[in-house]
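*Asks:* Just dropping this structure here.
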Amino acid sequence: MHSHSTPSSSSTSPAWDLGDLTVHRIDEVALPPQTGPWLLPAATPDVVDQAPWLRPDFADEAGTLRLSSHSFAFSADGLRVLVDTGIGNGKTRANPAWNNLDSDYLTRLEAAGFPPQTIDLVILTHLHTDHVGWNTYADGDTWKPTFPNARYLTARTEWNYWATADMDEARRQMFRDSVHPIKDAGLLDLVDIPEAGTEIAPSIRLIPTPGHTPGHLAVELHGRTATALITGDCIHHPVQLLHPGIGSCVDSDPRQAAATRHRLLASLADTGTLMLGTHFPSPTGGLVQSHGDSYRLTPRPAAPAHHSSTPH
């Protein structure tokens with residue numbers, strides 16, 4: 001995959017300017033080519049062929065989807081915020097591509113101007129393994145909060161679902177090393193998110209986008225000159241703009257997930273809102289545009305942003 005090269009840890013990071021708010025992409029790792037066929041089985045090469053705009057950025061010549069793991073970081077309303085925390089390092093995982101990962105994610109986060117101790121808020125779109133991993137780091141044989149001065153926030157519906165779910169051992173392991181230590185440290189906040197969404201700061205709105213998980217949320221950002229929406233996993237890949245009915249093999253409610261995608265894409269289409277995909281490879285950001293009876297993504301590549309000054 002062309003995005004396997006390690007992004008440089010210089011003082012720049014890929015970023016989008018929304019006026020008074022700059023969203024940085026903090027890269028963790030490119031996901032291996034076999035991820036696409038497993039995650040989105042209906043997105044076959046024949047389907048990819050229907051959308052020439054997917055190549056070369058979002059699919060390779062053979063029609064294999066490109067996917068990546070990254071976080072988004074920004075400063076808004078006096079808060080320094082991280083959305084999703086990736087897979088994490090040194091964690092025992094069932095997925096071989098995620099097992100015992102050793103990436104320089106924290107170096108990149110710091111290079112973008114967001115040292116861990118300066119993060120005020122971590123927003124978790126949902127509680128899946130590849131979105132909560134950097135919540136904690138290994139200190140000997142215990143897992144400690146990576147962002148000790150932050151509140152970690154997710155939807156109450158999400159927490160309640162997993163609290164009673166019949167989890168397999170791999171998922172229990174993930175909760176033990178990446179979720180429970182946050183709750184045990186008193187850092188986890190559960191938010192009720194009504195259908196219309198809820199504003200947690202003047203520039204930040206949480207939107208309920210259920211289906212992939214029951215409490216899945218997307219994050220809407222309102223800058224002075226532009227609006228952006230961070231998808232989480234309600235949309236995994238731009239191929240789902242072509243066919244919003246294409247679902248993920250791990251959706252908890254596939255029908256609801258498809259309805260959420262249809263509704264979200266209709267609300268974003270032709271509005272100029274920047275969509276930032278949590279698993280979209282570079283260029284990652286784009287505008288949703290009506291295209292026949294579905295949609296396409298017109299990329300809005302990031303510009304290198306010099307890191308913001310650290311307030312602490």
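By order of appearance in the structure tokens: chains A, B, ..., then residues from 1 within every chain, and ligands from 1 in the order shown.
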Can you list, as a PyMOL selection string, all residues belonging to region 14-150 of chain A that DSSP tags as strand (DSSP E)?

*Replies:* chain A and resi 14-17+22-30+68-76+79-83+121-123+136-139+142-145

*Asks:* Tell me, which residues of region 86-131 of chain A carry DSSP alpha helix (DSSP H), written as a PDB file with C-alpha atoms, in the first residue's frame?

*Replies:*
ATOM      1  CA  TYR A 105       2.177   7.564  16.965  1.00  0.00           C
ATOM      2  CA  LEU A 106       3.027   9.505  20.141  1.00  0.00           C
ATOM      3  CA  THR A 107       6.026  11.089  18.432  1.00  0.00           C
ATOM      4  CA  ARG A 108       3.757  12.266  15.625  1.00  0.00           C
ATOM      5  CA  LEU A 109       1.173  13.539  18.093  1.00  0.00           C
ATOM      6  CA  GLU A 110       3.867  15.558  19.838  1.00  0.00           C
ATOM      7  CA  ALA A 111       5.296  16.790  16.519  1.00  0.00           C
ATOM      8  CA  THR A 129     -10.335  -2.018  19.482  1.00  0.00           C
ATOM      9  CA  ASP A 130      -8.857   0.247  16.790  1.00  0.00           C
ATOM     10  CA  HIS A 131     -10.376   3.408  18.290  1.00  0.00           C
TER      11      HIS A 131
END

*Asks:* With only C-alpha atoms as the counted atoms, please give the residues lying no more than 12 Å from Asp270 (chain A), apart from itself and same-chain residues fewer than 3 positions off, as a short mmCIF file (atom, residue, chain, number, x, y, z; two decimals) with all heavy atoms, in the first residue's frame.

*Replies:*
data_model
loop_
_atom_site.label_atom_id
_atom_site.label_comp_id
_atom_site.auth_asym_id
_atom_site.auth_seq_id
_atom_site.Cartn_x
_atom_site.Cartn_y
_atom_site.Cartn_z
N LEU A 265 -25.14 11.10 4.68
CA LEU A 265 -24.64 11.55 3.37
C LEU A 265 -25.60 12.56 2.75
O LEU A 265 -25.18 13.56 2.16
CB LEU A 265 -24.43 10.35 2.45
CG LEU A 265 -23.24 9.45 2.85
CD1 LEU A 265 -23.27 8.14 2.08
CD2 LEU A 265 -21.91 10.18 2.64
N ALA A 266 -26.91 12.33 2.91
CA ALA A 266 -27.89 13.28 2.37
C ALA A 266 -27.74 14.64 3.06
O ALA A 266 -27.88 15.69 2.43
CB ALA A 266 -29.31 12.74 2.56
N SER A 267 -27.41 14.61 4.35
CA SER A 267 -27.29 15.87 5.09
C SER A 267 -25.99 16.61 4.74
O SER A 267 -25.92 17.84 4.88
CB SER A 267 -27.34 15.62 6.60
OG SER A 267 -26.13 15.06 7.07
N THR A 273 -19.51 21.01 3.56
CA THR A 273 -18.94 20.47 4.81
C THR A 273 -17.84 19.48 4.47
O THR A 273 -18.02 18.60 3.63
CB THR A 273 -20.03 19.77 5.66
OG1 THR A 273 -20.98 20.74 6.08
CG2 THR A 273 -19.43 19.10 6.88
N LEU A 274 -16.71 19.63 5.12
CA LEU A 274 -15.57 18.75 4.91
C LEU A 274 -15.80 17.44 5.67
O LEU A 274 -16.04 17.46 6.88
CB LEU A 274 -14.30 19.43 5.43
CG LEU A 274 -13.01 18.62 5.40
CD1 LEU A 274 -12.54 18.43 3.96
CD2 LEU A 274 -11.94 19.31 6.24
N MET A 275 -15.76 16.31 4.97
CA MET A 275 -15.86 15.02 5.65
C MET A 275 -14.46 14.47 5.86
O MET A 275 -13.67 14.37 4.91
CB MET A 275 -16.70 14.03 4.84
CG MET A 275 -16.91 12.72 5.60
SD MET A 275 -18.27 11.73 4.94
CE MET A 275 -17.50 11.08 3.47
N GLY A 286 -12.64 15.27 2.28
CA GLY A 286 -13.25 15.61 1.00
C GLY A 286 -14.66 16.14 1.18
O GLY A 286 -15.22 16.15 2.28
N LEU A 287 -15.23 16.59 0.06
CA LEU A 287 -16.59 17.09 0.04
C LEU A 287 -17.50 16.03 -0.56
O LEU A 287 -17.17 15.41 -1.57
CB LEU A 287 -16.69 18.38 -0.79
CG LEU A 287 -15.77 19.53 -0.35
CD1 LEU A 287 -16.00 20.75 -1.24
CD2 LEU A 287 -15.99 19.88 1.11
N VAL A 288 -18.64 15.82 0.08
CA VAL A 288 -19.63 14.86 -0.42
C VAL A 288 -20.47 15.57 -1.48
O VAL A 288 -21.04 16.63 -1.22
CB VAL A 288 -20.55 14.38 0.72
CG1 VAL A 288 -21.60 13.41 0.19
CG2 VAL A 288 -19.72 13.72 1.83
N GLN A 289 -20.49 15.00 -2.69
CA GLN A 289 -21.26 15.62 -3.76
C GLN A 289 -22.25 14.62 -4.36
O GLN A 289 -21.94 13.44 -4.50
CB GLN A 289 -20.30 16.16 -4.82
CG GLN A 289 -19.39 17.19 -4.16
CD GLN A 289 -18.58 18.02 -5.13
OE1 GLN A 289 -17.80 17.47 -5.89
NE2 GLN A 289 -18.73 19.33 -5.07
N SER A 290 -23.44 15.10 -4.66
CA SER A 290 -24.44 14.26 -5.31
C SER A 290 -23.88 13.80 -6.64
O SER A 290 -23.21 14.56 -7.35
CB SER A 290 -25.72 15.05 -5.56
OG SER A 290 -26.22 15.56 -4.35
N HIS A 291 -24.15 12.54 -6.97
CA HIS A 291 -23.62 11.96 -8.20
C HIS A 291 -24.63 10.93 -8.69
O HIS A 291 -24.66 9.81 -8.19
CB HIS A 291 -22.26 11.31 -7.89
CG HIS A 291 -21.48 10.93 -9.12
ND1 HIS A 291 -21.04 11.84 -10.05
CD2 HIS A 291 -21.06 9.72 -9.55
CE1 HIS A 291 -20.39 11.21 -11.01
NE2 HIS A 291 -20.39 9.93 -10.73
N SER A 294 -26.50 8.56 -6.15
CA SER A 294 -25.69 8.35 -4.94
C SER A 294 -24.74 9.53 -4.79
O SER A 294 -25.09 10.66 -5.11
CB SER A 294 -24.97 7.00 -4.99
OG SER A 294 -24.00 6.98 -6.01
N TYR A 295 -23.51 9.26 -4.33
CA TYR A 295 -22.60 10.35 -3.99
C TYR A 295 -21.19 10.01 -4.44
O TYR A 295 -20.86 8.87 -4.73
CB TYR A 295 -22.60 10.59 -2.46
CG TYR A 295 -23.98 10.76 -1.89
CD1 TYR A 295 -24.66 9.68 -1.33
CD2 TYR A 295 -24.63 11.99 -1.95
CE1 TYR A 295 -25.94 9.81 -0.83
CE2 TYR A 295 -25.91 12.15 -1.44
CZ TYR A 295 -26.56 11.06 -0.89
OH TYR A 295 -27.83 11.20 -0.40
N ARG A 296 -20.37 11.05 -4.47
CA ARG A 296 -18.94 10.83 -4.66
C ARG A 296 -18.19 11.77 -3.73
O ARG A 296 -18.77 12.75 -3.23
CB ARG A 296 -18.52 11.04 -6.12
CG ARG A 296 -18.76 12.42 -6.67
CD ARG A 296 -18.07 12.61 -8.00
NE ARG A 296 -16.63 12.70 -7.81
CZ ARG A 296 -15.75 12.65 -8.82
NH1 ARG A 296 -16.17 12.45 -10.06
NH2 ARG A 296 -14.46 12.76 -8.59
N LEU A 297 -16.92 11.46 -3.50
CA LEU A 297 -16.10 12.30 -2.64
C LEU A 297 -15.12 13.08 -3.51
O LEU A 297 -14.38 12.50 -4.29
CB LEU A 297 -15.32 11.44 -1.64
CG LEU A 297 -14.60 12.21 -0.53
CD1 LEU A 297 -15.62 12.79 0.45
CD2 LEU A 297 -13.63 11.30 0.21
N THR A 298 -15.17 14.40 -3.38
CA THR A 298 -14.18 15.24 -4.05
C THR A 298 -13.10 15.59 -3.03
O THR A 298 -13.37 16.31 -2.07
CB THR A 298 -14.83 16.52 -4.59
OG1 THR A 298 -15.85 16.15 -5.51
CG2 THR A 298 -13.81 17.39 -5.30
#

*Asks:* Nearest residue to Glu61 (chain A) out of A:Met174, A:Val48, A:Leu39, A:Leu82, using only C-alpha atoms?

*Replies:*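 Of A:Met174, A:Val48, A:Leu39, A:Leu82, the one nearest Glu61 (chain A), counting only C-alpha atoms, is A:Val48.
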
*Asks:* Here is a test: counting only C-alpha atoms, which residue of A:Leu18, A:Glu195, A:Ala43, A:Ala97 is nearest to His243 (chain A)?

*Replies:*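 The closest residue to His243 (chain A) is A:Ala43.
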
*Asks:* When you look at region 65-69 of chain A with a cut-off of 6 Å (counting only C-alpha atoms), what residues show up, excluding the ones that are within fewer than 2 positions of it in the same chain? I need them as JSON, numbers by chain.

*Replies:* {"A": [28, 29, 30, 31, 36, 58, 59, 279, 280, 281]}

*Asks:* With all heavy atoms kept, could you save the residues just selected as a PDB file, in the first residue's frame?

*Replies:*
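Final output, saved to selection-v5.pdb:
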ATOM      1  N   GLU A  28      -1.298   6.677  12.498  1.00  0.00           N
ATOM      2  CA  GLU A  28      -0.808   5.548  13.276  1.00  0.00           C
ATOM      3  C   GLU A  28      -0.193   4.510  12.348  1.00  0.00           C
ATOM      4  O   GLU A  28       1.004   4.278  12.359  1.00  0.00           O
ATOM      5  CB  GLU A  28      -1.926   4.936  14.119  1.00  0.00           C
ATOM      6  CG  GLU A  28      -1.398   3.809  14.997  1.00  0.00           C
ATOM      7  CD  GLU A  28      -2.440   3.169  15.888  1.00  0.00           C
ATOM      8  OE1 GLU A  28      -3.610   3.034  15.477  1.00  0.00           O
ATOM      9  OE2 GLU A  28      -2.061   2.774  17.000  1.00  0.00           O
ATOM     10  N   VAL A  29      -1.017   3.898  11.483  1.00  0.00           N
ATOM     11  CA  VAL A  29      -0.493   2.843  10.615  1.00  0.00           C
ATOM     12  C   VAL A  29      -1.443   2.659   9.429  1.00  0.00           C
ATOM     13  O   VAL A  29      -2.660   2.881   9.546  1.00  0.00           O
ATOM     14  CB  VAL A  29      -0.345   1.531  11.443  1.00  0.00           C
ATOM     15  CG1 VAL A  29      -1.691   0.946  11.825  1.00  0.00           C
ATOM     16  CG2 VAL A  29       0.513   0.501  10.745  1.00  0.00           C
ATOM     17  N   ALA A  30      -0.888   2.291   8.281  1.00  0.00           N
ATOM     18  CA  ALA A  30      -1.728   1.874   7.151  1.00  0.00           C
ATOM     19  C   ALA A  30      -2.206   0.462   7.425  1.00  0.00           C
ATOM     20  O   ALA A  30      -1.444  -0.375   7.913  1.00  0.00           O
ATOM     21  CB  ALA A  30      -0.918   1.921   5.857  1.00  0.00           C
ATOM     22  N   LEU A  31      -3.474   0.197   7.148  1.00  0.00           N
ATOM     23  CA  LEU A  31      -4.001  -1.147   7.386  1.00  0.00           C
ATOM     24  C   LEU A  31      -3.656  -2.041   6.186  1.00  0.00           C
ATOM     25  O   LEU A  31      -3.622  -1.574   5.051  1.00  0.00           O
ATOM     26  CB  LEU A  31      -5.511  -1.079   7.613  1.00  0.00           C
ATOM     27  CG  LEU A  31      -5.912  -0.208   8.827  1.00  0.00           C
ATOM     28  CD1 LEU A  31      -7.424  -0.124   8.971  1.00  0.00           C
ATOM     29  CD2 LEU A  31      -5.283  -0.744  10.117  1.00  0.00           C
ATOM     30  N   GLY A  36      -9.652  -4.604   3.583  1.00  0.00           N
ATOM     31  CA  GLY A  36     -10.831  -4.230   2.814  1.00  0.00           C
ATOM     32  C   GLY A  36     -11.802  -5.374   2.552  1.00  0.00           C
ATOM     33  O   GLY A  36     -12.986  -5.281   2.906  1.00  0.00           O
ATOM     34  N   PHE A  58      -7.933   5.914  -3.070  1.00  0.00           N
ATOM     35  CA  PHE A  58      -8.744   5.108  -2.163  1.00  0.00           C
ATOM     36  C   PHE A  58      -8.785   3.626  -2.527  1.00  0.00           C
ATOM     37  O   PHE A  58      -9.291   2.812  -1.762  1.00  0.00           O
ATOM     38  CB  PHE A  58     -10.168   5.677  -2.097  1.00  0.00           C
ATOM     39  CG  PHE A  58     -10.191   7.129  -1.688  1.00  0.00           C
ATOM     40  CD1 PHE A  58     -10.759   8.094  -2.517  1.00  0.00           C
ATOM     41  CD2 PHE A  58      -9.632   7.540  -0.484  1.00  0.00           C
ATOM     42  CE1 PHE A  58     -10.773   9.442  -2.138  1.00  0.00           C
ATOM     43  CE2 PHE A  58      -9.641   8.875  -0.095  1.00  0.00           C
ATOM     44  CZ  PHE A  58     -10.217   9.831  -0.933  1.00  0.00           C
ATOM     45  N   ALA A  59      -8.273   3.273  -3.700  1.00  0.00           N
ATOM     46  CA  ALA A  59      -8.188   1.870  -4.116  1.00  0.00           C
ATOM     47  C   ALA A  59      -7.012   1.733  -5.076  1.00  0.00           C
ATOM     48  O   ALA A  59      -6.669   2.687  -5.785  1.00  0.00           O
ATOM     49  CB  ALA A  59      -9.478   1.435  -4.803  1.00  0.00           C
ATOM     50  N   HIS A 279     -10.964   6.206   8.794  1.00  0.00           N
ATOM     51  CA  HIS A 279     -10.131   5.165   8.177  1.00  0.00           C
ATOM     52  C   HIS A 279      -9.807   5.489   6.718  1.00  0.00           C
ATOM     53  O   HIS A 279      -9.275   4.636   6.014  1.00  0.00           O
ATOM     54  CB  HIS A 279     -10.824   3.801   8.258  1.00  0.00           C
ATOM     55  CG  HIS A 279     -10.833   3.206   9.633  1.00  0.00           C
ATOM     56  ND1 HIS A 279      -9.682   2.923  10.343  1.00  0.00           N
ATOM     57  CD2 HIS A 279     -11.868   2.818  10.438  1.00  0.00           C
ATOM     58  CE1 HIS A 279     -10.002   2.394  11.517  1.00  0.00           C
ATOM     59  NE2 HIS A 279     -11.321   2.323  11.596  1.00  0.00           N
ATOM     60  N   PHE A 280     -10.135   6.704   6.255  1.00  0.00           N
ATOM     61  CA  PHE A 280      -9.818   7.049   4.861  1.00  0.00           C
ATOM     62  C   PHE A 280      -8.317   7.297   4.743  1.00  0.00           C
ATOM     63  O   PHE A 280      -7.769   8.106   5.500  1.00  0.00           O
ATOM     64  CB  PHE A 280     -10.530   8.336   4.418  1.00  0.00           C
ATOM     65  CG  PHE A 280     -12.031   8.288   4.317  1.00  0.00           C
ATOM     66  CD1 PHE A 280     -12.764   7.223   4.814  1.00  0.00           C
ATOM     67  CD2 PHE A 280     -12.711   9.333   3.718  1.00  0.00           C
ATOM     68  CE1 PHE A 280     -14.154   7.194   4.725  1.00  0.00           C
ATOM     69  CE2 PHE A 280     -14.095   9.323   3.615  1.00  0.00           C
ATOM     70  CZ  PHE A 280     -14.828   8.259   4.124  1.00  0.00           C
ATOM     71  N   PRO A 281      -7.657   6.656   3.780  1.00  0.00           N
ATOM     72  CA  PRO A 281      -6.235   6.951   3.586  1.00  0.00           C
ATOM     73  C   PRO A 281      -6.070   8.364   3.042  1.00  0.00           C
ATOM     74  O   PRO A 281      -7.054   9.023   2.702  1.00  0.00           O
ATOM     75  CB  PRO A 281      -5.820   5.920   2.542  1.00  0.00           C
ATOM     76  CG  PRO A 281      -7.057   5.708   1.726  1.00  0.00           C
ATOM     77  CD  PRO A 281      -8.199   5.804   2.712  1.00  0.00           C
TER      78      PRO A 281
END

*Asks:* Please provide the set of residues having any atom within 8 Å of Ile230 (chain A), restricted to only C-alpha atoms, with same-chain residues fewer than 5 positions apart removed, written as JSON, numbers by chain.

*Replies:* {"A": [218, 219, 220, 275, 276, 277, 278]}

*Asks:* Those selected residues, please, written with all heavy atoms and delivered as an mmCIF file, in the first residue's frame.

*Replies:*
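Here's the written file part35.cif:
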data_model
loop_
_atom_site.group_PDB
_atom_site.id
_atom_site.type_symbol
_atom_site.label_atom_id
_atom_site.label_comp_id
_atom_site.auth_asym_id
_atom_site.auth_seq_id
_atom_site.Cartn_x
_atom_site.Cartn_y
_atom_site.Cartn_z
ATOM 1 N N ALA A 218 -20.606 10.657 15.632
ATOM 2 C CA ALA A 218 -19.717 11.403 14.746
ATOM 3 C C ALA A 218 -19.501 12.777 15.381
ATOM 4 O O ALA A 218 -20.277 13.208 16.244
ATOM 5 C CB ALA A 218 -20.321 11.534 13.353
ATOM 6 N N VAL A 219 -18.436 13.456 14.968
ATOM 7 C CA VAL A 219 -18.060 14.722 15.595
ATOM 8 C C VAL A 219 -18.104 15.832 14.556
ATOM 9 O O VAL A 219 -17.392 15.777 13.544
ATOM 10 C CB VAL A 219 -16.641 14.631 16.204
ATOM 11 C CG1 VAL A 219 -16.278 15.935 16.918
ATOM 12 C CG2 VAL A 219 -16.538 13.444 17.171
ATOM 13 N N GLU A 220 -18.953 16.809 14.813
ATOM 14 C CA GLU A 220 -19.101 17.945 13.892
ATOM 15 C C GLU A 220 -18.353 19.141 14.465
ATOM 16 O O GLU A 220 -18.525 19.484 15.642
ATOM 17 C CB GLU A 220 -20.589 18.267 13.763
ATOM 18 C CG GLU A 220 -20.959 19.152 12.597
ATOM 19 C CD GLU A 220 -22.481 19.288 12.498
ATOM 20 O OE1 GLU A 220 -23.057 20.043 13.303
ATOM 21 O OE2 GLU A 220 -23.070 18.617 11.640
ATOM 22 N N MET A 275 -15.761 16.315 4.971
ATOM 23 C CA MET A 275 -15.858 15.020 5.646
ATOM 24 C C MET A 275 -14.462 14.467 5.857
ATOM 25 O O MET A 275 -13.670 14.374 4.913
ATOM 26 C CB MET A 275 -16.699 14.029 4.843
ATOM 27 C CG MET A 275 -16.907 12.724 5.595
ATOM 28 S SD MET A 275 -18.266 11.730 4.938
ATOM 29 C CE MET A 275 -17.498 11.085 3.475
ATOM 30 N N LEU A 276 -14.153 14.131 7.108
ATOM 31 C CA LEU A 276 -12.854 13.571 7.464
ATOM 32 C C LEU A 276 -13.076 12.126 7.896
ATOM 33 O O LEU A 276 -13.724 11.859 8.917
ATOM 34 C CB LEU A 276 -12.218 14.377 8.604
ATOM 35 C CG LEU A 276 -11.861 15.827 8.254
ATOM 36 C CD1 LEU A 276 -11.459 16.598 9.504
ATOM 37 C CD2 LEU A 276 -10.739 15.868 7.213
ATOM 38 N N GLY A 277 -12.568 11.190 7.100
ATOM 39 C CA GLY A 277 -12.813 9.773 7.357
ATOM 40 C C GLY A 277 -11.780 9.190 8.308
ATOM 41 O O GLY A 277 -10.574 9.281 8.072
ATOM 42 N N THR A 278 -12.261 8.570 9.356
ATOM 43 C CA THR A 278 -11.378 8.028 10.386
ATOM 44 C C THR A 278 -10.527 6.865 9.869
ATOM 45 O O THR A 278 -9.463 6.596 10.413
ATOM 46 C CB THR A 278 -12.219 7.634 11.617
ATOM 47 O OG1 THR A 278 -12.833 8.830 12.116
ATOM 48 C CG2 THR A 278 -11.409 6.998 12.714
#

*Asks:* Go ahead and compute the interatomic distance for CA of Thr35 (chain A) and CA of Leu124 (chain A), in Å to one decimal.

*Replies:*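 Rounded to one decimal, the two atoms are 21.7 Å apart.
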
*Asks:* Give the answer as one residue: which of A:Cys249, A:Ala228, A:Ile235, A:Ile123 has the shortest atom-to-atom distance to Val191 (chain A), using only C-alpha atoms?

*Replies:* A:Ile123

*Asks:* Report as JSON, numbers by chain all protein, DNA and RNA residues lying within 7 Å of region 150-164 of chain A, evaluated on only C-alpha atoms, omitting residues in the same chain fewer than 4 positions from it.

*Replies:* {"A": [119, 120, 121, 122, 123, 124, 125, 126, 187, 188, 189, 190, 191, 192, 193, 214, 215, 216]}

*Asks:* If we count only C-alpha atoms, what is near Ala170 (chain A) at a cut-off of 7 Å, once residues fewer than 2 positions away on the same chain are taken out, given as a list in words?

*Replies:* Arg93, Ala94, Asp168, Arg172, Gln173 and Met174 of chain A

*Asks:* Include all heavy atoms and write out the residues we just selected as a PDB file, in the first residue's frame.

*Replies:*
ATOM      1  N   ARG A  93      -3.597  -8.621  20.615  1.00  0.00           N
ATOM      2  CA  ARG A  93      -4.799  -8.496  19.790  1.00  0.00           C
ATOM      3  C   ARG A  93      -4.970  -9.722  18.906  1.00  0.00           C
ATOM      4  O   ARG A  93      -3.994 -10.292  18.420  1.00  0.00           O
ATOM      5  CB  ARG A  93      -4.719  -7.240  18.906  1.00  0.00           C
ATOM      6  CG  ARG A  93      -4.711  -5.913  19.680  1.00  0.00           C
ATOM      7  CD  ARG A  93      -6.011  -5.724  20.427  1.00  0.00           C
ATOM      8  NE  ARG A  93      -6.095  -4.481  21.188  1.00  0.00           N
ATOM      9  CZ  ARG A  93      -6.065  -4.414  22.514  1.00  0.00           C
ATOM     10  NH1 ARG A  93      -5.897  -5.514  23.235  1.00  0.00           N
ATOM     11  NH2 ARG A  93      -6.209  -3.245  23.119  1.00  0.00           N
ATOM     12  N   ALA A  94      -6.228 -10.078  18.650  1.00  0.00           N
ATOM     13  CA  ALA A  94      -6.525 -11.233  17.795  1.00  0.00           C
ATOM     14  C   ALA A  94      -6.153 -10.963  16.343  1.00  0.00           C
ATOM     15  O   ALA A  94      -5.745 -11.870  15.611  1.00  0.00           O
ATOM     16  CB  ALA A  94      -8.010 -11.575  17.903  1.00  0.00           C
ATOM     17  N   ASP A 168     -16.473 -11.788  23.524  1.00  0.00           N
ATOM     18  CA  ASP A 168     -15.473 -12.851  23.403  1.00  0.00           C
ATOM     19  C   ASP A 168     -14.208 -12.396  24.143  1.00  0.00           C
ATOM     20  O   ASP A 168     -14.076 -11.257  24.575  1.00  0.00           O
ATOM     21  CB  ASP A 168     -15.189 -13.190  21.934  1.00  0.00           C
ATOM     22  CG  ASP A 168     -14.640 -12.015  21.137  1.00  0.00           C
ATOM     23  OD1 ASP A 168     -14.139 -11.036  21.734  1.00  0.00           O
ATOM     24  OD2 ASP A 168     -14.711 -12.066  19.890  1.00  0.00           O
ATOM     25  N   ARG A 172     -12.866  -8.716  25.581  1.00  0.00           N
ATOM     26  CA  ARG A 172     -12.675  -8.521  27.034  1.00  0.00           C
ATOM     27  C   ARG A 172     -11.266  -8.024  27.319  1.00  0.00           C
ATOM     28  O   ARG A 172     -11.060  -7.146  28.160  1.00  0.00           O
ATOM     29  CB  ARG A 172     -12.946  -9.832  27.789  1.00  0.00           C
ATOM     30  CG  ARG A 172     -14.434 -10.128  27.965  1.00  0.00           C
ATOM     31  CD  ARG A 172     -14.667 -11.087  29.130  1.00  0.00           C
ATOM     32  NE  ARG A 172     -14.069 -12.395  28.860  1.00  0.00           N
ATOM     33  CZ  ARG A 172     -14.722 -13.405  28.271  1.00  0.00           C
ATOM     34  NH1 ARG A 172     -15.979 -13.251  27.883  1.00  0.00           N
ATOM     35  NH2 ARG A 172     -14.113 -14.543  28.069  1.00  0.00           N
ATOM     36  N   GLN A 173     -10.298  -8.582  26.581  1.00  0.00           N
ATOM     37  CA  GLN A 173      -8.904  -8.149  26.743  1.00  0.00           C
ATOM     38  C   GLN A 173      -8.774  -6.663  26.426  1.00  0.00           C
ATOM     39  O   GLN A 173      -8.121  -5.909  27.148  1.00  0.00           O
ATOM     40  CB  GLN A 173      -7.995  -8.973  25.818  1.00  0.00           C
ATOM     41  CG  GLN A 173      -6.556  -8.474  25.717  1.00  0.00           C
ATOM     42  CD  GLN A 173      -5.804  -8.605  27.029  1.00  0.00           C
ATOM     43  OE1 GLN A 173      -6.036  -9.523  27.801  1.00  0.00           O
ATOM     44  NE2 GLN A 173      -4.909  -7.664  27.299  1.00  0.00           N
ATOM     45  N   MET A 174      -9.409  -6.219  25.332  1.00  0.00           N
ATOM     46  CA  MET A 174      -9.350  -4.811  24.940  1.00  0.00           C
ATOM     47  C   MET A 174      -9.955  -3.906  26.015  1.00  0.00           C
ATOM     48  O   MET A 174      -9.394  -2.864  26.354  1.00  0.00           O
ATOM     49  CB  MET A 174     -10.068  -4.626  23.607  1.00  0.00           C
ATOM     50  CG  MET A 174     -10.134  -3.200  23.114  1.00  0.00           C
ATOM     51  SD  MET A 174     -11.594  -2.298  23.704  1.00  0.00           S
ATOM     52  CE  MET A 174     -12.864  -2.955  22.624  1.00  0.00           C
TER      53      MET A 174
END

*Asks:* What does the structure give for the distance between CA of Ser203 (chain A) and CA of Trp16 (chain A), in Å to one decimal?

*Replies:*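 About the pair CA of Ser203 (chain A) and CA of Trp16 (chain A): they are 15.2 Å apart.
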